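Shown here: model_23.csv, CSV, C-alpha atoms and all ligand atoms.
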chain,number,residue,atom,x,y,z
A,10,MET,CA,142.9,50.4,89.9
A,11,THR,CA,139.7,49.9,91.8
A,12,LYS,CA,136.4,51.3,90.7
A,13,THR,CA,134.0,52.3,93.4
A,14,ARG,CA,130.4,52.4,92.6
A,15,GLY,CA,128.1,54.4,94.8
A,16,SER,CA,125.4,51.7,94.8
A,17,GLU,CA,127.9,49.2,96.2
A,18,ILE,CA,129.2,51.2,99.1
A,19,THR,CA,126.1,53.2,100.2
A,20,ASP,CA,123.8,51.7,102.8
A,21,LYS,CA,120.4,51.9,101.2
A,22,SER,CA,118.8,52.1,104.6
A,23,VAL,CA,120.2,55.5,105.2
A,24,TYR,CA,118.9,56.9,102.0
A,25,VAL,CA,116.1,59.4,102.2
A,26,HIS,CA,114.3,61.1,99.3
A,27,ARG,CA,115.9,64.4,98.5
A,28,ARG,CA,113.0,66.6,99.3
A,29,GLU,CA,112.3,64.9,102.6
A,30,PHE,CA,115.9,65.0,103.4
A,31,ILE,CA,116.2,68.7,102.9
A,32,ALA,CA,113.0,69.3,104.9
A,33,ALA,CA,114.4,67.0,107.5
A,34,ALA,CA,117.7,68.8,107.7
A,35,ILE,CA,116.1,72.2,108.0
A,36,ALA,CA,114.0,70.9,110.8
A,37,ALA,CA,117.0,69.1,112.3
A,38,THR,CA,118.1,71.2,115.2
A,39,GLY,CA,116.8,69.7,118.4
A,40,ALA,CA,114.5,67.2,116.7
A,41,THR,CA,114.4,63.7,118.2
A,42,MET,CA,113.3,61.2,115.6
A,43,ILE,CA,114.8,59.1,112.8
A,44,VAL,CA,113.7,59.3,109.2
A,45,ARG,CA,113.2,55.9,107.7
A,46,ASN,CA,112.8,55.5,104.0
A,47,ALA,CA,113.8,52.5,102.0
A,48,GLU,CA,113.3,54.2,98.6
A,49,ALA,CA,115.8,52.9,96.1
A,50,GLN,CA,119.0,54.8,95.7
A,51,PRO,CA,119.3,56.5,92.3
A,52,ALA,CA,122.2,55.3,90.1
A,53,ALA,CA,125.2,57.3,91.1
A,54,ALA,CA,126.0,60.2,89.1
A,55,HIS,CA,126.6,61.7,85.7
A,56,GLY,CA,129.0,59.0,84.4
A,57,ARG,CA,132.3,61.0,84.1
A,58,LYS,CA,134.4,58.3,85.8
A,59,LEU,CA,137.9,58.7,87.2
A,60,ALA,CA,140.6,56.0,87.5
A,61,THR,CA,141.2,55.7,91.2
A,62,VAL,CA,142.9,53.5,93.8
A,63,ALA,CA,141.5,52.9,97.3
A,64,SER,CA,143.2,54.8,100.1
A,65,PRO,CA,144.2,53.2,103.5
A,66,LEU,CA,143.3,56.5,105.0
A,67,SER,CA,139.6,56.0,104.4
A,68,THR,CA,137.1,55.7,107.2
A,69,LYS,CA,135.2,52.4,107.4
A,70,GLU,CA,131.9,54.2,108.0
A,71,ALA,CA,129.2,54.0,105.4
A,72,PRO,CA,129.2,57.0,103.0
A,73,ASN,CA,126.2,59.1,102.5
A,74,SER,CA,124.5,58.7,99.1
A,75,TRP,CA,125.5,60.5,95.9
A,76,ASP,CA,122.1,62.2,96.2
A,77,HIS,CA,122.8,63.6,99.7
A,78,ILE,CA,126.3,64.7,98.9
A,79,THR,CA,125.3,66.5,95.7
A,80,THR,CA,122.0,68.1,96.8
A,81,TYR,CA,122.7,69.3,100.3
A,82,ASN,CA,125.6,71.7,99.9
A,83,ASN,CA,127.2,74.9,101.2
A,84,PHE,CA,128.5,77.0,98.3
A,85,TYR,CA,127.4,80.5,99.0
A,86,GLU,CA,128.6,81.6,95.5
A,87,PHE,CA,125.4,79.8,94.4
A,88,GLY,CA,123.1,80.9,97.2
A,89,THR,CA,122.9,80.3,101.0
A,90,GLY,CA,120.2,77.6,100.8
A,91,LYS,CA,121.4,74.1,101.1
A,92,ASP,CA,119.5,73.2,98.0
A,93,GLU,CA,120.6,76.2,95.9
A,94,PRO,CA,124.1,75.0,94.8
A,95,ALA,CA,122.4,71.9,93.3
A,96,ARG,CA,119.9,74.1,91.6
A,97,TYR,CA,122.2,76.8,90.3
A,98,ALA,CA,125.7,75.4,90.0
A,99,PRO,CA,125.1,72.7,87.4
A,100,ARG,CA,124.5,75.4,84.7
A,101,TRP,CA,127.8,77.1,85.5
A,102,ARG,CA,130.6,76.3,83.1
A,103,PRO,CA,134.0,76.3,84.9
A,104,ARG,CA,136.6,78.0,82.7
A,105,GLN,CA,138.6,75.7,80.3
A,106,PRO,CA,141.4,75.3,80.8
A,107,TRP,CA,141.1,75.8,84.6
A,108,THR,CA,144.2,77.3,86.0
A,109,VAL,CA,145.5,77.8,89.5
A,110,SER,CA,147.7,80.8,90.1
A,111,ILE,CA,150.7,79.9,92.3
A,112,GLU,CA,151.9,83.0,94.1
A,113,GLY,CA,154.0,84.3,97.0
A,114,GLU,CA,156.9,82.7,98.8
A,115,CYS,CA,158.0,80.0,96.4
A,116,ALA,CA,160.6,79.3,93.7
A,117,LYS,CA,158.0,78.2,91.1
A,118,PRO,CA,155.2,80.8,90.9
A,119,GLY,CA,153.0,80.9,87.8
A,120,ARG,CA,149.7,79.7,86.4
A,121,LEU,CA,149.3,76.0,86.5
A,122,PRO,CA,146.6,74.4,84.3
A,123,LEU,CA,144.7,71.7,86.2
A,124,GLU,CA,145.9,69.2,83.6
A,125,ASP,CA,149.5,69.9,84.7
A,126,ILE,CA,148.6,69.7,88.4
A,127,LEU,CA,147.1,66.3,87.8
A,128,LYS,CA,150.0,65.0,85.7
A,129,GLY,CA,151.6,62.0,87.4
A,130,GLU,CA,149.1,62.0,90.3
A,131,THR,CA,147.4,58.8,91.4
A,132,LEU,CA,143.9,59.7,92.3
A,133,GLU,CA,142.7,58.1,95.5
A,134,ASP,CA,139.3,57.3,96.9
A,135,ARG,CA,139.4,58.9,100.3
A,136,ILE,CA,136.3,58.3,102.4
A,137,TYR,CA,136.3,61.0,105.0
A,138,ARG,CA,134.0,62.2,107.8
A,139,HIS,CA,132.8,65.7,107.1
A,140,ARG,CA,131.7,67.9,110.0
A,141,CYS,CA,130.0,71.1,109.2
A,142,VAL,CA,130.3,73.9,111.7
A,143,GLU,CA,126.5,74.2,111.6
A,144,GLY,CA,126.2,70.9,113.4
A,145,TRP,CA,125.5,68.3,110.7
A,146,SER,CA,127.9,65.7,109.4
A,147,MET,CA,128.2,63.3,106.5
A,148,VAL,CA,130.7,60.7,105.2
A,149,ILE,CA,132.0,61.6,101.7
A,150,PRO,CA,133.9,59.4,99.4
A,151,TRP,CA,136.2,62.0,97.8
A,152,VAL,CA,138.5,61.4,94.9
A,153,GLY,CA,141.7,63.4,95.3
A,154,PHE,CA,145.5,63.5,95.9
A,155,PRO,CA,147.6,64.9,98.7
A,156,LEU,CA,147.9,68.7,98.6
A,157,ALA,CA,151.6,68.1,99.7
A,158,ASN,CA,152.3,66.9,96.1
A,159,LEU,CA,151.3,70.2,94.6
A,160,ILE,CA,153.0,72.2,97.3
A,161,ARG,CA,156.3,70.4,96.6
A,162,LYS,CA,156.1,71.2,92.9
A,163,CYS,CA,155.8,74.9,93.9
A,164,GLU,CA,159.0,74.8,96.0
A,165,PRO,CA,158.0,77.1,98.8
A,166,THR,CA,160.7,79.1,100.5
A,167,SER,CA,161.6,79.0,104.2
A,168,ARG,CA,159.5,82.1,104.7
A,169,ALA,CA,156.3,80.3,103.6
A,170,ARG,CA,154.5,79.6,106.9
A,171,PHE,CA,150.9,79.5,105.6
A,172,VAL,CA,149.1,78.7,102.4
A,173,GLU,CA,146.1,80.9,101.3
A,174,PHE,CA,143.5,79.4,99.0
A,175,THR,CA,141.1,81.6,96.9
A,176,THR,CA,137.9,80.6,95.1
A,177,LEU,CA,137.1,82.1,91.6
A,178,HIS,CA,135.6,85.6,91.8
A,179,ALA,CA,133.1,86.0,89.0
A,180,PRO,CA,129.8,87.6,90.1
A,181,GLN,CA,128.4,87.3,86.5
A,182,GLU,CA,128.9,83.5,86.7
A,183,MET,CA,128.2,83.0,90.4
A,184,PRO,CA,125.0,84.7,91.4
A,185,GLY,CA,125.6,84.4,95.1
A,186,GLN,CA,128.6,86.7,94.7
A,187,ARG,CA,126.2,89.5,93.9
A,188,ASP,CA,125.0,89.4,97.5
A,189,ASP,CA,127.5,90.5,100.2
A,190,VAL,CA,126.7,87.6,102.6
A,191,LEU,CA,130.5,87.1,102.7
A,192,GLU,CA,133.6,89.0,101.7
A,193,TRP,CA,134.3,87.8,98.1
A,194,PRO,CA,136.2,86.0,96.9
A,195,TYR,CA,136.1,83.2,99.4
A,196,VAL,CA,139.5,82.9,101.1
A,197,GLU,CA,140.7,80.1,103.3
A,198,GLY,CA,144.1,79.2,104.7
A,199,LEU,CA,146.2,76.5,106.4
A,200,ARG,CA,149.4,76.6,108.3
A,201,MET,CA,152.2,75.0,106.2
A,202,ASP,CA,152.4,71.8,108.3
A,203,GLU,CA,148.6,71.4,108.1
A,204,ALA,CA,148.8,71.9,104.3
A,205,LEU,CA,151.5,69.2,104.1
A,206,HIS,CA,149.7,66.7,106.2
A,207,PRO,CA,149.0,63.5,104.4
A,208,LEU,CA,145.3,63.7,105.3
A,209,THR,CA,144.9,67.1,103.5
A,210,ILE,CA,143.8,66.6,99.9
A,211,LEU,CA,142.8,68.4,96.8
A,212,ALA,CA,139.6,66.8,95.5
A,213,VAL,CA,138.6,66.5,91.9
A,214,GLY,CA,135.9,63.9,92.3
A,215,VAL,CA,133.4,62.2,94.5
A,216,TYR,CA,132.1,58.6,94.3
A,217,GLY,CA,134.7,57.8,91.6
A,218,GLU,CA,133.4,60.5,89.3
A,219,VAL,CA,134.3,64.0,88.3
A,220,LEU,CA,133.3,66.6,91.0
A,221,PRO,CA,129.9,68.1,90.4
A,222,ASN,CA,129.9,71.9,90.3
A,223,GLN,CA,128.0,72.2,93.5
A,224,ASN,CA,130.8,70.3,95.3
A,225,GLY,CA,133.5,72.7,94.2
A,226,ALA,CA,134.5,71.7,90.7
A,227,PRO,CA,137.0,71.4,89.3
A,228,LEU,CA,139.3,71.5,92.3
A,229,ARG,CA,138.6,71.9,96.0
A,230,LEU,CA,140.4,71.5,99.3
A,231,VAL,CA,139.4,68.9,101.9
A,232,VAL,CA,140.8,68.9,105.4
A,233,PRO,CA,138.9,66.3,107.3
A,234,TRP,CA,139.8,67.2,110.9
A,235,LYS,CA,138.6,70.8,110.5
A,236,TYR,CA,135.1,72.2,110.0
A,237,GLY,CA,133.8,71.9,106.5
A,238,PHE,CA,134.2,75.6,105.6
A,239,LYS,CA,138.0,75.2,105.5
A,240,GLY,CA,137.4,73.2,102.3
A,241,ALA,CA,137.5,76.0,99.8
A,242,LYS,CA,135.8,75.2,96.5
A,243,SER,CA,136.7,76.0,92.9
A,244,ILE,CA,140.2,77.1,93.7
A,245,VAL,CA,142.0,79.5,91.4
A,246,ARG,CA,144.8,80.7,93.6
A,247,MET,CA,147.3,79.3,96.1
A,248,ARG,CA,149.5,81.8,97.8
A,249,PHE,CA,152.5,81.0,100.1
A,250,VAL,CA,152.7,83.6,102.8
A,251,GLU,CA,154.6,84.5,105.9
A,252,GLN,CA,151.6,85.9,107.9
A,253,GLN,CA,148.5,84.0,108.9
A,254,PRO,CA,145.8,84.8,106.2
A,255,THR,CA,142.5,86.4,107.2
A,256,THR,CA,139.9,84.1,105.9
A,257,SER,CA,136.4,85.1,104.7
A,258,TRP,CA,134.8,83.5,107.7
A,259,MET,CA,137.1,85.2,110.2
A,260,GLN,CA,136.2,88.4,108.6
A,261,ASN,CA,132.5,87.5,108.8
A,262,TRP,CA,132.4,86.7,112.5
A,263,PRO,CA,135.8,86.4,114.2
A,264,GLN,CA,134.3,85.2,117.6
A,265,ALA,CA,132.7,82.3,115.8
A,266,TYR,CA,135.2,81.4,113.1
A,267,GLY,CA,138.9,81.3,114.0
A,268,PHE,CA,141.8,80.5,111.7
A,269,TYR,CA,142.3,76.9,112.9
A,270,SER,CA,138.6,75.8,113.1
A,271,ASN,CA,139.6,72.3,114.2
A,272,VAL,CA,136.6,70.2,115.0
A,273,ASN,CA,136.4,70.5,118.8
A,274,PRO,CA,133.4,69.3,120.9
A,275,SER,CA,134.5,71.5,123.8
A,276,VAL,CA,134.7,74.8,122.0
A,277,ASP,CA,131.2,76.0,121.3
A,278,HIS,CA,130.0,78.2,118.5
A,279,PRO,CA,128.5,81.4,120.0
A,280,ARG,CA,125.0,80.3,118.9
A,281,HIS,CA,125.2,76.6,119.6
A,282,SER,CA,127.0,73.7,121.2
A,283,GLN,CA,129.5,71.7,119.2
A,284,ALA,CA,129.4,68.7,121.5
A,285,THR,CA,127.1,66.6,119.3
A,286,GLU,CA,126.2,66.4,115.7
A,287,VAL,CA,123.4,65.3,113.3
A,288,ARG,CA,124.8,62.6,111.1
A,289,LEU,CA,122.6,63.1,108.1
A,290,PRO,CA,120.1,61.8,107.2
A,291,SER,CA,119.2,61.3,110.8
A,292,LEU,CA,117.1,64.1,112.2
A,293,PHE,CA,118.6,64.3,115.6
A,294,ARG,CA,121.9,64.8,117.2
A,295,ASN,CA,122.8,61.1,117.2
A,296,LEU,CA,126.6,61.4,117.5
A,297,ARG,CA,129.1,62.9,119.9
A,298,THR,CA,131.4,65.1,118.0
A,299,GLN,CA,135.0,63.9,118.3
A,300,LEU,CA,138.0,66.1,118.9
A,301,PHE,CA,139.7,66.7,115.5
A,302,ASN,CA,136.6,65.0,114.0
A,303,GLY,CA,138.1,61.6,115.0
A,304,TYR,CA,141.4,62.2,113.3
A,305,GLY,CA,143.3,63.0,116.5
A,306,GLU,CA,145.7,60.1,116.3
A,307,GLN,CA,147.0,61.5,113.0
A,308,VAL,CA,146.9,65.3,113.7
A,309,ALA,CA,146.9,66.0,117.4
A,310,SER,CA,150.7,66.4,117.4
A,311,LEU,CA,150.4,69.4,115.1
A,312,TYR,CA,148.9,71.3,118.0
A,313,THR,CA,151.1,70.2,120.9
A,314,GLY,CA,151.3,72.9,123.5
A,315,MET,CA,148.7,75.1,121.8
A,316,ASP,CA,145.6,76.2,123.8
A,317,LEU,CA,142.8,75.0,121.5
A,318,ARG,CA,140.3,77.3,123.3
A,319,ARG,CA,142.4,80.3,122.3
A,320,TYR,CA,143.4,79.0,118.9
A,321,TYR,CA,139.9,77.9,117.8
B,1,LIG,N1,134.0,78.8,97.8
B,1,LIG,C1,133.3,78.2,98.8
B,1,LIG,N2,133.8,77.1,99.4
B,1,LIG,C2,133.1,76.5,100.4
B,1,LIG,C3,131.9,77.1,100.8
B,1,LIG,C4,131.4,78.2,100.2
B,1,LIG,O1,130.4,78.8,100.5
B,1,LIG,N3,132.2,78.8,99.2
B,1,LIG,N4,131.2,76.4,101.9
B,1,LIG,C5,132.1,75.6,102.8
B,1,LIG,C6,131.3,74.9,103.8
B,1,LIG,S1,130.5,75.7,105.0
B,1,LIG,C7,131.2,73.5,103.7
B,1,LIG,S2,130.3,72.6,104.9
B,1,LIG,C8,131.7,72.7,102.6
B,1,LIG,C9,130.6,72.0,101.9
B,1,LIG,O2,131.1,71.1,100.9
B,1,LIG,P1,130.1,70.2,100.1
B,1,LIG,O3,129.0,71.0,99.6
B,1,LIG,O4,130.9,69.5,99.0
B,1,LIG,O5,129.6,69.2,101.1
B,1,LIG,O6,132.3,73.6,101.6
B,1,LIG,C10,133.0,74.7,102.1
B,1,LIG,N5,133.7,75.4,101.0
B,2,MO,MO,130.0,74.1,106.7

Can I see the file as structure tokens?
Amino acid sequence: MTKTRGSEITDKSVYVHRREFIAAAIAATGATMIVRNAEAQPAAAHGRKLATVASPLSTKEAPNSWDHITTYNNFYEFGTGKDEPARYAPRWRPRQPWTVSIEGECAKPGRLPLEDILKGETLEDRIYRHRCVEGWSMVIPWVGFPLANLIRKCEPTSRARFVEFTTLHAPQEMPGQRDDVLEWPYVEGLRMDEALHPLTILAVGVYGEVLPNQNGAPLRLVVPWKYGFKGAKSIVRMRFVEQQPTTSWMQNWPQAYGFYSNVNPSVDHPRHSQATEVRLPSLFRNLRTQLFNGYGEQVASLYTGMDLRRYY
């Protein structure tokens, strides 16, 4: 068992004060300067530690700070502003016990309490690159386990070709769901081989600690070679299906958000190029975006023979 402390693995030189960071990020598009701020990094976190082991699948890149990762979020259930999830999600109380409904083409449907899902799992520190479709990126030290482990417990049938993931729908608890910015609940999906891929994890923590609400507590999906929105948060349902699910983002704008949403520098978003990215807290597009977010060696074979311009 190794214990990872944020202060040990975060490069202090990349830390920027939260407010500056948010302002910087808002101003990011097209800007051409670097923010420097040597302010000390706050002690990581709220102290709910998890027992973890290091994963060989982690990137060697320096992770963003706890503060970045937990105050600059997309979680429309708590507002569309990047700072809103951190403001409004902490007061939310995820239901206890949290259960995931297993449905569809499988031999073991039913409601699985999170505790049972985690039984026998070894939690791993998985440091992954995260590329948001909006153009920014971070490096996030998740704590999670392979989604494949849970899928195997469900015993999908041969008809199960896709897995659909659904976020909790509770407009009384999640103020953002009272606005129709998206079709609620938030729905995402993966093809079965993508879901079974060893890089695909369910995360329950970040920086060795229990996942903060704004990052998708208590259980969220992480698929590092796809745009961040594929990583559905606060999952309450997993359904095995024959047909490709229609995701919330496909419904929102099909020309911009396809089912696959693999990170691809040569397939642009209708409103902006995807060729480069802003690695926060930098203010400018300081990195070239890599095909499959740099995970091509592991995942390119999943898409052999597919036209990635058509299946974006
Ligand atoms: N339920 C739900 N899941 C979601 C989102 C959301 O709005 N609602 N936003 C997605 C987007 S666009 C991104 S970039 C990531 C952000 O994850 P993070 O806030 O932990 O970095 O969550 C994804 N999962
Ligand atoms: Mo995103």

So that each row is one residue of chain A with an atom at most 7 Å from ligand MO 2 (chain B), can you give its shortest atom pair and the distance in Å to one decimal, using only C-alpha atoms and all ligand atoms, rows by chain and rising number, as CSV?
residue,atom,partner,partner_atom,distance
A:Asn83,CA,B:MO2,MO,6.2
A:Cys141,CA,B:MO2,MO,3.9
A:Val142,CA,B:MO2,MO,5.0
A:Glu143,CA,B:MO2,MO,6.0
A:Tyr236,CA,B:MO2,MO,6.4
A:Gly237,CA,B:MO2,MO,4.4
A:Phe238,CA,B:MO2,MO,4.6

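Across A:Leu230, A:Cys115, A:Val190, A:Met147, the tightest approach to Phe87 (chain A) is made by A:Val190 when counting all atoms listed in the file.
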
Near-Thr298 (chain A) list (9 Å; all atoms listed in the file; drop same-chain fewer than 6 positions) as a PyMOL selection string: chain A and resi 140+272-274+283-286

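Every polymer residue reaching to within 10 Å of (132.6, 65.9, 93.8), counting all atoms listed in the file, appears in this list: Ala54, Trp75, Ile78, Thr79, Ile149, Pro150, Trp151, Val152, Gly153, Ala212, Val213, Gly214, Val215, Tyr216, Gly217, Glu218, Val219, Leu220, Pro221, Asn222, Gln223, Asn224, Gly225, Ala226, Pro227, Leu228 and Arg229 of chain A.
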
Top pick for closest residue to ligand LIG 1 (chain B), considering A:Glu93, A:Glu114, A:Asp125, A:Glu130 and counting only C-alpha atoms and all ligand atoms: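 Among A:Glu93, A:Glu114, A:Asp125, A:Glu130, it is A:Glu93 that comes nearest to ligand LIG 1 (chain B).
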
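Non-sequential neighbours of Ser64 (chain A) (distance at most 6 Å, separation of 6 or more positions within a chain, all atoms listed in the file) are Glu133, Asp134 and Arg135 of chain A.
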
Surrounding residues of Pro180 (chain A) excluding itself and chain neighbours under 4 positions, 12 Å, all atoms listed in the file, as a VMD selection string: chain A and resid 85 to 88 101 176 184 to 189 193 to 194

Pick from A:Gln299, A:Asn261, A:Gln253, A:Asn158, whichever lies nearest to Leu199 (chain A) using all atoms listed in the file: A:Gln253

Counting all atoms listed in the file, the residue of A:Pro279, A:Pro290, A:Gly198, A:Gly240 that sits nearest ligand LIG 1 (chain B): A:Gly240

Computed interatomic separation between CA of Asp202 (chain A) and CA of Trp234 (chain A) (Å):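 Atom-to-atom, CA of Asp202 (chain A) to CA of Trp234 (chain A), that is 13.7 Å.
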
Among listed residues A:Met259, A:Leu121, A:Leu66, A:Leu296, nearest Glu192 (chain A) (using only C-alpha atoms): A:Met259

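Compared by their closest atoms to ligand LIG 1 (chain B), and using all atoms listed in the file, the residues A:Arg318, A:Arg280, A:Arg170, A:Arg246 rank with A:Arg246 nearest.
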
Two-atom distance - CA of Asp76 (chain A), CA of Leu300 (chain A) (Å):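 Taking CA of Asp76 (chain A) and CA of Leu300 (chain A), their separation equals 28.0 Å.
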
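Atom to atom, CA of Ser146 (chain A) and CA of Leu132 (chain A) stand 24.2 Å apart.
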